[in-house]
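Heads up: the structure comes next, in structure tokens.
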Amino acid sequence: MKEILAELIASTIEKSYNNQDSSLKTDEIEALIEVPPNSDMGDYAFPCFRLSKVFRTSPNIIAQKLAENFSSDLARAEAMGGYLNLFLEREKFAKRIIDELKNKGERYGSSNIGNGKTICLDYSSINIAKRFHIGHLSTTMIGNSLKAIFEFLGYKTVGINYLGDWGTQFGKLIYAFKTWGNMDTLKEKGVDELTRLYIKFHEEAEKDPSLEEEGRKWFKAIEDGNDEAMSLFNLFKELTLKDAQRVYDILGVSFDSYHGESYYNDKMDRPIRELKEKNLLKNSEGASIVDLEKYDMPPCLILKKDGATLYATRDIAAAIDRHETYNFDKCLYIVAYQQDLHFKQVFKVLELMDYDFAKNMVHVAFGMVSYEGQQLATRKGHIVYLEDLLNRACEKALEIINEKSPNLENKEEIAMQVGIGAVVYTDLQNGRIKDIDFRWDRALNFDGETGPYVQYTHARACSVLRKAEEITGLYDVEEDYSALTDDFSQNLLRLISRFPESILQAADKYEPSIITRAMTDIAKAFNKYYYEQRIIDEDLSKTKARIILCKATKDVLKTAMSLIGMQAPERM
RNA sequence: GGGCUCGUAGCUCAGCUGGAUAGAGUGUUUGACUACGAAUCAAAAGGUCGUGGGUUCGAAUCCCGCCGGGCUCACCA
């Protein structure tokens with residue numbers, strides 16, 4: 001829409017100022033076009049302040065002159081305070097948007113700008129032996145959403161769950177299991193038992209610091225491939241993944257690779273050799289580092305005094321491996337902002353190693369989660385497990401369904417979709433950099449701007465469409481778009497017309513909340529429209545046009561929800 | 001102390017590549033179910049956009065200083 005208007009404005013400028021070089025190209029004009037704060041001021045507006053400098057005339061006069069010379073059957077123009085305000089010809093605009101929706105349906109807003117290029121996304125990345133809690137939700141859902149968004153835009157995506165499955169804590173866990181645990185309880189209780197053993201170890205180690213040494217010994221055994229150590233380690237991993245998989249299934253999240261830290265354990269020789277060859281490694285206090293002082297960063301530690309590798313070493317090896325395996329166009333790390341410096345260092349080291357792809361690596365950072373104002377702490381039990389949250393949200397949804405839709409079929413199934421929708425929506429509602437203070441009352445609120453609100457709107461639209469199917473003769477008439485020229489329909493259409501732009505922006509900024517907000521605005525506009533305008537009435541042609549708008553809204557909402565990772569029930 | 005980041009209504013946040021009267025939701029007060037779903041809609045009230053300068057025709061938005069919160073800064077990940 002903007003593109004067409006920009007061309008119209010460009011030719012109007014030319015006409016008004018006799019082909020003088022306006023110094024504004026069509027795409028510059030397009031970038032300047034904005035949406036007025038109020039719809040009384042038109043659908044789009046072109047500010048003339050920039051031109052005022054070029055032509056050395058007041059913006060008011062320019063706007064007036066442009067308004068006089070503007071002619072198009074698609075829109076009319078009005079000058080207002082230095083702005084050229086454009087009012088779209090309502091019926092034509094409606095037809096235009098609706099035609100596209102009819103054509104694309106739930107694919108509306110999709111494109112092939114990705115052109116099959118690959119994007120790797122590193123998200124969720126859970127730690128072995130820890131239960132999935134609310135602190136893991138953001139990385140999981142942001143990653144899941146970005147994956148969907150990029151696929152919708154024609155990219156190939158690779159979802160990577162970079163498991164935290166390496167480190168001395170696993171040695172400690174083996175010691176704890178052998179000392180205080182047994183196989184039956186472990187198999188019965190799974191990760192909960194691992195958590196108990198982990199806490200127990202730390203309690204005991206405070207009294208007897210020699211336990212730390214025992215932990216290190218057992219980790220060494222894992223490193224050396226000792227049979228007993230390995231079989232326990234693999235069992236811990238299996239139990240954790242089984243537990244996480246249950247959550248992933250509920251959330252509808254999946255991955256293409258589970259290569260974790262341990263996978264790279266024997267793949268670090270090469271990057272270390274390369275670092276040496278390129279003279280990047282420096283000895284400092286016995287450790288091997290890459291000096292980044294020139295770049296105003298602390299050094300990046302590659303090898304410890306004892307020669308052992310570190311987190312950064314593994315990330316560098318993993319990045320190189322991922323690029324070789326997938327030849328990615330971009331590699332996104334959806335990781336909390338605490339690790340900002342770490343990623344800056346890793347990306348810089350890769351750049352210094354002459355890996356061109358380093359500039360295509362992005363740390364998609366997000367805020368911290370606290371619980372009732374305090375830091376999450378497994379050991380203190382100050383924590384909310386995701387399954388508990390999801391269960392309570394689904395119970396709450398079921399209560400409301402029992403109250404409001406007692407005759408609904410598959411109540412449990414729909415309660416799940418709604419409860420999970422509420423949790424997912426809340427997670428992706430705000431800019432990802434914002435910290436989240438988890439509060440039960442907020443999490444279980446289903447009124448106002450929430451997941452259930454959007455789902456409800458979708459279900460409501462579905463309900464109208466079901467009603468419409470019963471109308472005889474509706475499909476024999478031609479739709480009359482003059483039924484969509486009122487303010488409420490137009491506002492809804494305007495928002496729908498801007499939805500594809502929101503998807504592009506969400507991808508560009510790695511910001512799913514842009515879609516959450518766009519779909520909420522559309523849902524709001526539909527609910528207003530629904531109250532103010534009768535959809536089904538005696539005039540079949542007009543009814544048909546309104547029904548088509550209803551279908552269009554439904555499709556867009558469903559698409560938006562799928563990009564966020566929410567289900568869209570047709571009844572609730 | 002250095003770096004990064006955030007500061008907008010009682011609360012949670014949009015708006016930030018400069019533009020028109022700073023917007024939502026929630027909470028509070030009030031109104032609307034005898035035709036399409038009240039998990040909805042409508043109305044009222046609520047603001048020194050942390051603060052002080054600067055740039056500009058124009059600043060919540062850009063630049064600098066300051067204040068306040070968070071994160072981070074060598075052998076954890």
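Letters for chains follow the order of the structure tokens (A, B, ...), residue numbers begin at 1 for each chain, and ligand numbers begin at 1 in the order shown.
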
Could you list, as a CSV table (one decimal) with N, CA, C and O atoms, in the first residue's frame, the residues of chain A having an atom within 7 Å of chain B when counting only C-alpha atoms (C1' of nucleotides)?
chain,number,residue,atom,x,y,z
A,287,ALA,N,47.1,-19.4,31.9
A,287,ALA,CA,46.0,-19.8,31.0
A,287,ALA,C,46.2,-19.3,29.6
A,287,ALA,O,47.0,-18.4,29.4
A,298,PRO,N,37.4,-7.6,28.0
A,298,PRO,CA,38.4,-8.4,28.7
A,298,PRO,C,38.8,-9.6,27.9
A,298,PRO,O,38.1,-9.9,26.9
A,301,LEU,N,38.9,-16.4,27.6
A,301,LEU,CA,39.7,-17.5,28.0
A,301,LEU,C,39.4,-18.8,27.2
A,301,LEU,O,38.2,-19.1,27.0
A,304,LYS,N,42.2,-23.4,30.4
A,304,LYS,CA,42.5,-23.1,31.8
A,304,LYS,C,44.0,-23.4,32.0
A,304,LYS,O,44.7,-24.0,31.1
A,305,LYS,N,44.5,-23.1,33.2
A,305,LYS,CA,45.9,-23.4,33.6
A,305,LYS,C,46.2,-24.9,33.3
A,305,LYS,O,47.3,-25.2,32.9
A,311,TYR,N,33.9,-22.8,28.4
A,311,TYR,CA,32.6,-22.5,27.7
A,311,TYR,C,32.8,-21.9,26.3
A,311,TYR,O,32.3,-22.3,25.3
A,338,GLN,N,22.6,-11.9,30.4
A,338,GLN,CA,23.7,-12.1,31.3
A,338,GLN,C,25.0,-12.5,30.5
A,338,GLN,O,26.1,-12.3,30.9
A,430,ASN,N,5.7,-8.8,25.7
A,430,ASN,CA,6.5,-7.6,25.9
A,430,ASN,C,7.8,-7.8,25.2
A,430,ASN,O,8.2,-8.9,24.9
A,446,PHE,N,-7.1,-14.1,32.7
A,446,PHE,CA,-7.5,-14.3,31.4
A,446,PHE,C,-8.3,-13.2,30.8
A,446,PHE,O,-8.9,-13.3,29.7
A,447,ASP,N,-8.3,-12.0,31.4
A,447,ASP,CA,-9.1,-10.9,30.9
A,447,ASP,C,-8.2,-9.8,30.4
A,447,ASP,O,-7.0,-9.7,30.7
A,448,GLY,N,-8.7,-9.1,29.4
A,448,GLY,CA,-8.0,-8.0,28.8
A,448,GLY,C,-7.0,-8.5,27.8
A,448,GLY,O,-7.3,-9.6,27.2
A,449,GLU,N,-5.9,-7.9,27.6
A,449,GLU,CA,-4.9,-8.3,26.6
A,449,GLU,C,-4.2,-9.5,27.0
A,449,GLU,O,-3.2,-9.5,27.7
A,452,PRO,N,-6.0,-15.8,26.0
A,452,PRO,CA,-7.4,-16.2,25.8
A,452,PRO,C,-8.3,-15.2,25.1
A,452,PRO,O,-9.2,-15.5,24.4
A,453,TYR,N,-7.9,-13.9,25.2
A,453,TYR,CA,-8.6,-12.8,24.6
A,453,TYR,C,-8.6,-13.0,23.1
A,453,TYR,O,-9.6,-12.9,22.4
A,456,TYR,N,-10.4,-16.2,22.1
A,456,TYR,CA,-11.8,-16.0,22.2
A,456,TYR,C,-12.3,-15.2,21.0
A,456,TYR,O,-13.4,-15.6,20.4
A,460,ARG,N,-14.9,-16.7,18.4
A,460,ARG,CA,-16.1,-15.9,18.1
A,460,ARG,C,-16.3,-15.7,16.6
A,460,ARG,O,-17.4,-15.9,16.0
A,464,VAL,N,-19.4,-17.1,14.1
A,464,VAL,CA,-20.2,-16.4,13.1
A,464,VAL,C,-20.1,-17.1,11.8
A,464,VAL,O,-21.2,-17.2,11.1
A,528,LYS,N,-14.7,-4.7,18.5
A,528,LYS,CA,-15.4,-3.4,18.3
A,528,LYS,C,-16.4,-3.5,17.2
A,528,LYS,O,-17.5,-3.2,17.3
A,531,TYR,N,-19.4,-5.5,17.8
A,531,TYR,CA,-20.4,-4.9,18.6
A,531,TYR,C,-21.2,-3.8,17.9
A,531,TYR,O,-22.4,-3.6,18.1
A,535,ILE,N,-23.4,-8.3,11.5
A,535,ILE,CA,-22.8,-9.0,10.4
A,535,ILE,C,-23.8,-9.7,9.5
A,535,ILE,O,-23.8,-9.5,8.3
A,536,ILE,N,-24.6,-10.5,10.1
A,536,ILE,CA,-25.6,-11.2,9.3
A,536,ILE,C,-27.0,-10.4,9.4
A,536,ILE,O,-27.5,-10.3,10.4

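Summary of the local environment: counting only C-alpha atoms (C1' of nucleotides), residues at most 12 Å from Glu204 (chain A), other than itself and those fewer than 4 positions away along its chain, are A:Lys172, A:Tyr175, A:Ala176, A:Thr179, A:Trp180, A:Leu197, A:Tyr198, A:Ile199, A:Lys200, A:Asp208, A:Pro209, A:Ser210, A:Leu211, A:Glu212.
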
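Checking B:G54, B:C49, B:C33, B:C67 one by one against C16 (chain B), counting only C-alpha atoms (C1' of nucleotides), you find the shortest gap at B:C49.
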
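Reported to one decimal place, the separation of CA of Ile97 (chain A) from CA of Tyr83 (chain A) is 25.3 Å.
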
*Among the residues of region 300-406 of chain A, find those DSSP assigns to helix (DSSP H, G or I) from the backbone and print them as a PyMOL selection string.*
chain A and resi 311-326+337-352+356-360+386-404

May I have the selected residues written with C-alpha atoms, as a PDB file, in the first residue's frame?
ATOM      1  CA  TYR A 311      32.614 -22.531  27.717  1.00  0.00           C
ATOM      2  CA  ALA A 312      33.929 -20.104  25.092  1.00  0.00           C
ATOM      3  CA  THR A 313      36.131 -22.804  23.579  1.00  0.00           C
ATOM      4  CA  ARG A 314      33.146 -25.032  23.083  1.00  0.00           C
ATOM      5  CA  ASP A 315      31.019 -22.242  21.630  1.00  0.00           C
ATOM      6  CA  ILE A 316      33.725 -21.428  19.128  1.00  0.00           C
ATOM      7  CA  ALA A 317      34.028 -25.072  18.112  1.00  0.00           C
ATOM      8  CA  ALA A 318      30.253 -25.351  17.892  1.00  0.00           C
ATOM      9  CA  ALA A 319      29.932 -22.239  15.728  1.00  0.00           C
ATOM     10  CA  ILE A 320      32.495 -23.533  13.246  1.00  0.00           C
ATOM     11  CA  ASP A 321      30.868 -26.940  13.189  1.00  0.00           C
ATOM     12  CA  ARG A 322      27.412 -25.470  12.669  1.00  0.00           C
ATOM     13  CA  HIS A 323      28.584 -23.353   9.802  1.00  0.00           C
ATOM     14  CA  GLU A 324      30.197 -26.355   8.145  1.00  0.00           C
ATOM     15  CA  THR A 325      27.164 -28.537   8.708  1.00  0.00           C
ATOM     16  CA  TYR A 326      24.386 -26.122   7.778  1.00  0.00           C
ATOM     17  CA  TYR A 337      21.381 -11.023  28.489  1.00  0.00           C
ATOM     18  CA  GLN A 338      23.742 -12.095  31.296  1.00  0.00           C
ATOM     19  CA  GLN A 339      25.818 -13.692  28.587  1.00  0.00           C
ATOM     20  CA  ASP A 340      26.115 -10.572  26.513  1.00  0.00           C
ATOM     21  CA  LEU A 341      29.853 -10.181  27.029  1.00  0.00           C
ATOM     22  CA  HIS A 342      30.485 -13.861  26.453  1.00  0.00           C
ATOM     23  CA  PHE A 343      28.898 -13.750  23.008  1.00  0.00           C
ATOM     24  CA  LYS A 344      30.590 -10.496  22.094  1.00  0.00           C
ATOM     25  CA  GLN A 345      33.893 -12.169  22.890  1.00  0.00           C
ATOM     26  CA  VAL A 346      33.119 -15.367  21.038  1.00  0.00           C
ATOM     27  CA  PHE A 347      31.939 -13.497  17.938  1.00  0.00           C
ATOM     28  CA  LYS A 348      35.017 -11.297  18.037  1.00  0.00           C
ATOM     29  CA  VAL A 349      37.359 -14.268  18.336  1.00  0.00           C
ATOM     30  CA  LEU A 350      35.689 -15.936  15.363  1.00  0.00           C
ATOM     31  CA  GLU A 351      36.107 -12.714  13.424  1.00  0.00           C
ATOM     32  CA  LEU A 352      39.783 -12.556  14.349  1.00  0.00           C
ATOM     33  CA  ASP A 356      33.504 -14.388   7.617  1.00  0.00           C
ATOM     34  CA  PHE A 357      30.330 -15.807   9.074  1.00  0.00           C
ATOM     35  CA  ALA A 358      31.121 -14.195  12.419  1.00  0.00           C
ATOM     36  CA  LYS A 359      29.243 -11.090  11.312  1.00  0.00           C
ATOM     37  CA  ASN A 360      26.125 -13.191  10.843  1.00  0.00           C
ATOM     38  CA  LEU A 386       6.771 -24.920  34.145  1.00  0.00           C
ATOM     39  CA  GLU A 387       4.538 -27.951  34.415  1.00  0.00           C
ATOM     40  CA  ASP A 388       2.999 -26.572  37.609  1.00  0.00           C
ATOM     41  CA  LEU A 389       2.332 -23.278  35.887  1.00  0.00           C
ATOM     42  CA  LEU A 390       0.849 -24.965  32.820  1.00  0.00           C
ATOM     43  CA  ASN A 391      -1.272 -27.269  34.960  1.00  0.00           C
ATOM     44  CA  ARG A 392      -2.700 -24.422  36.965  1.00  0.00           C
ATOM     45  CA  ALA A 393      -3.354 -22.349  33.870  1.00  0.00           C
ATOM     46  CA  CYS A 394      -5.167 -25.273  32.264  1.00  0.00           C
ATOM     47  CA  GLU A 395      -7.193 -25.936  35.424  1.00  0.00           C
ATOM     48  CA  LYS A 396      -8.225 -22.311  35.484  1.00  0.00           C
ATOM     49  CA  ALA A 397      -9.235 -22.511  31.821  1.00  0.00           C
ATOM     50  CA  LEU A 398     -11.272 -25.625  32.528  1.00  0.00           C
ATOM     51  CA  GLU A 399     -13.081 -23.876  35.383  1.00  0.00           C
ATOM     52  CA  ILE A 400     -14.058 -21.028  33.112  1.00  0.00           C
ATOM     53  CA  ILE A 401     -15.167 -23.403  30.385  1.00  0.00           C
ATOM     54  CA  ASN A 402     -17.318 -25.337  32.843  1.00  0.00           C
ATOM     55  CA  GLU A 403     -18.908 -22.090  33.867  1.00  0.00           C
ATOM     56  CA  LYS A 404     -19.370 -20.473  30.469  1.00  0.00           C
TER      57      LYS A 404
END

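Minimum distance to Asn527 (chain A) across A:Gln505, A:Glu214, A:Val454, A:Ile515 (counting only C-alpha atoms) occurs at A:Val454.
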
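Neighbours of Ile250 (chain A) closer than or equal to 12 Å, with only C-alpha atoms (C1' of nucleotides) counted and sequence neighbours fewer than 3 positions away skipped, come out as Asp243, Ala244, Gln245, Arg246, Val247, Val253, Ser254, Leu386, Glu387, Leu390, Asn391, Cys394, Glu413, Met416, Gln417, Val418, Gly419, Ile420, Gly421, Val423, Val424, Gly565, Met566 and Gln567 of chain A.
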
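Across the model, the gap from CA of Asp555 (chain A) to CA of Lys102 (chain A) is 9.8 Å.
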
*Name the residues in contact with G46 (chain B) at a cut-off of 12 Å, using only C-alpha atoms (C1' of nucleotides), excluding same-chain residues fewer than 4 positions from it; report them as a ChimeraX atom specification.*
/B:9-10,27-29

Grab the residues selected above and save them as a PDB file, in the first residue's frame with N, CA, C and O atoms (P, O5', C5', C4', C3', O3' and C1' of nucleotides).
ATOM      1  P     A B   9       4.675   6.080  34.368  1.00  0.00           P
ATOM      2  O5'   A B   9       3.194   6.627  34.180  1.00  0.00           O
ATOM      3  C5'   A B   9       2.798   7.828  34.854  1.00  0.00           C
ATOM      4  C4'   A B   9       1.363   7.704  35.302  1.00  0.00           C
ATOM      5  C3'   A B   9       1.041   6.448  36.104  1.00  0.00           C
ATOM      6  O3'   A B   9       0.197   6.756  37.206  1.00  0.00           O
ATOM      7  C1'   A B   9      -0.375   6.569  34.230  1.00  0.00           C
ATOM      8  P     G B  10       0.794   7.289  38.544  1.00  0.00           P
ATOM      9  O5'   G B  10       0.743   5.964  39.431  1.00  0.00           O
ATOM     10  C5'   G B  10       1.209   5.999  40.776  1.00  0.00           C
ATOM     11  C4'   G B  10       0.832   4.697  41.431  1.00  0.00           C
ATOM     12  C3'   G B  10       1.320   3.449  40.698  1.00  0.00           C
ATOM     13  O3'   G B  10       2.626   3.096  41.120  1.00  0.00           O
ATOM     14  C1'   G B  10      -0.991   3.244  41.110  1.00  0.00           C
ATOM     15  P     G B  27      -8.780  -5.754  36.386  1.00  0.00           P
ATOM     16  O5'   G B  27      -8.457  -4.761  37.577  1.00  0.00           O
ATOM     17  C5'   G B  27      -7.613  -5.157  38.646  1.00  0.00           C
ATOM     18  C4'   G B  27      -7.219  -3.944  39.458  1.00  0.00           C
ATOM     19  C3'   G B  27      -8.373  -3.019  39.830  1.00  0.00           C
ATOM     20  O3'   G B  27      -9.073  -3.484  40.965  1.00  0.00           O
ATOM     21  C1'   G B  27      -6.614  -1.739  38.941  1.00  0.00           C
ATOM     22  P     U B  28     -10.647  -3.328  40.948  1.00  0.00           P
ATOM     23  O5'   U B  28     -10.857  -1.764  41.157  1.00  0.00           O
ATOM     24  C5'   U B  28     -10.389  -1.126  42.335  1.00  0.00           C
ATOM     25  C4'   U B  28     -10.689   0.354  42.276  1.00  0.00           C
ATOM     26  C3'   U B  28     -12.129   0.705  41.896  1.00  0.00           C
ATOM     27  O3'   U B  28     -13.008   0.615  43.003  1.00  0.00           O
ATOM     28  C1'   U B  28     -10.626   2.056  40.655  1.00  0.00           C
ATOM     29  P     U B  29     -14.508   0.130  42.707  1.00  0.00           P
ATOM     30  O5'   U B  29     -15.160   1.384  41.957  1.00  0.00           O
ATOM     31  C5'   U B  29     -15.408   2.595  42.665  1.00  0.00           C
ATOM     32  C4'   U B  29     -15.993   3.617  41.722  1.00  0.00           C
ATOM     33  C3'   U B  29     -17.207   3.137  40.919  1.00  0.00           C
ATOM     34  O3'   U B  29     -18.413   3.181  41.662  1.00  0.00           O
ATOM     35  C1'   U B  29     -15.691   4.251  39.480  1.00  0.00           C
TER      36        U B  29
END

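One distance worth recording is that between CA of Thr520 (chain A) and C1' of A60 (chain B), which is 23.6 Å.
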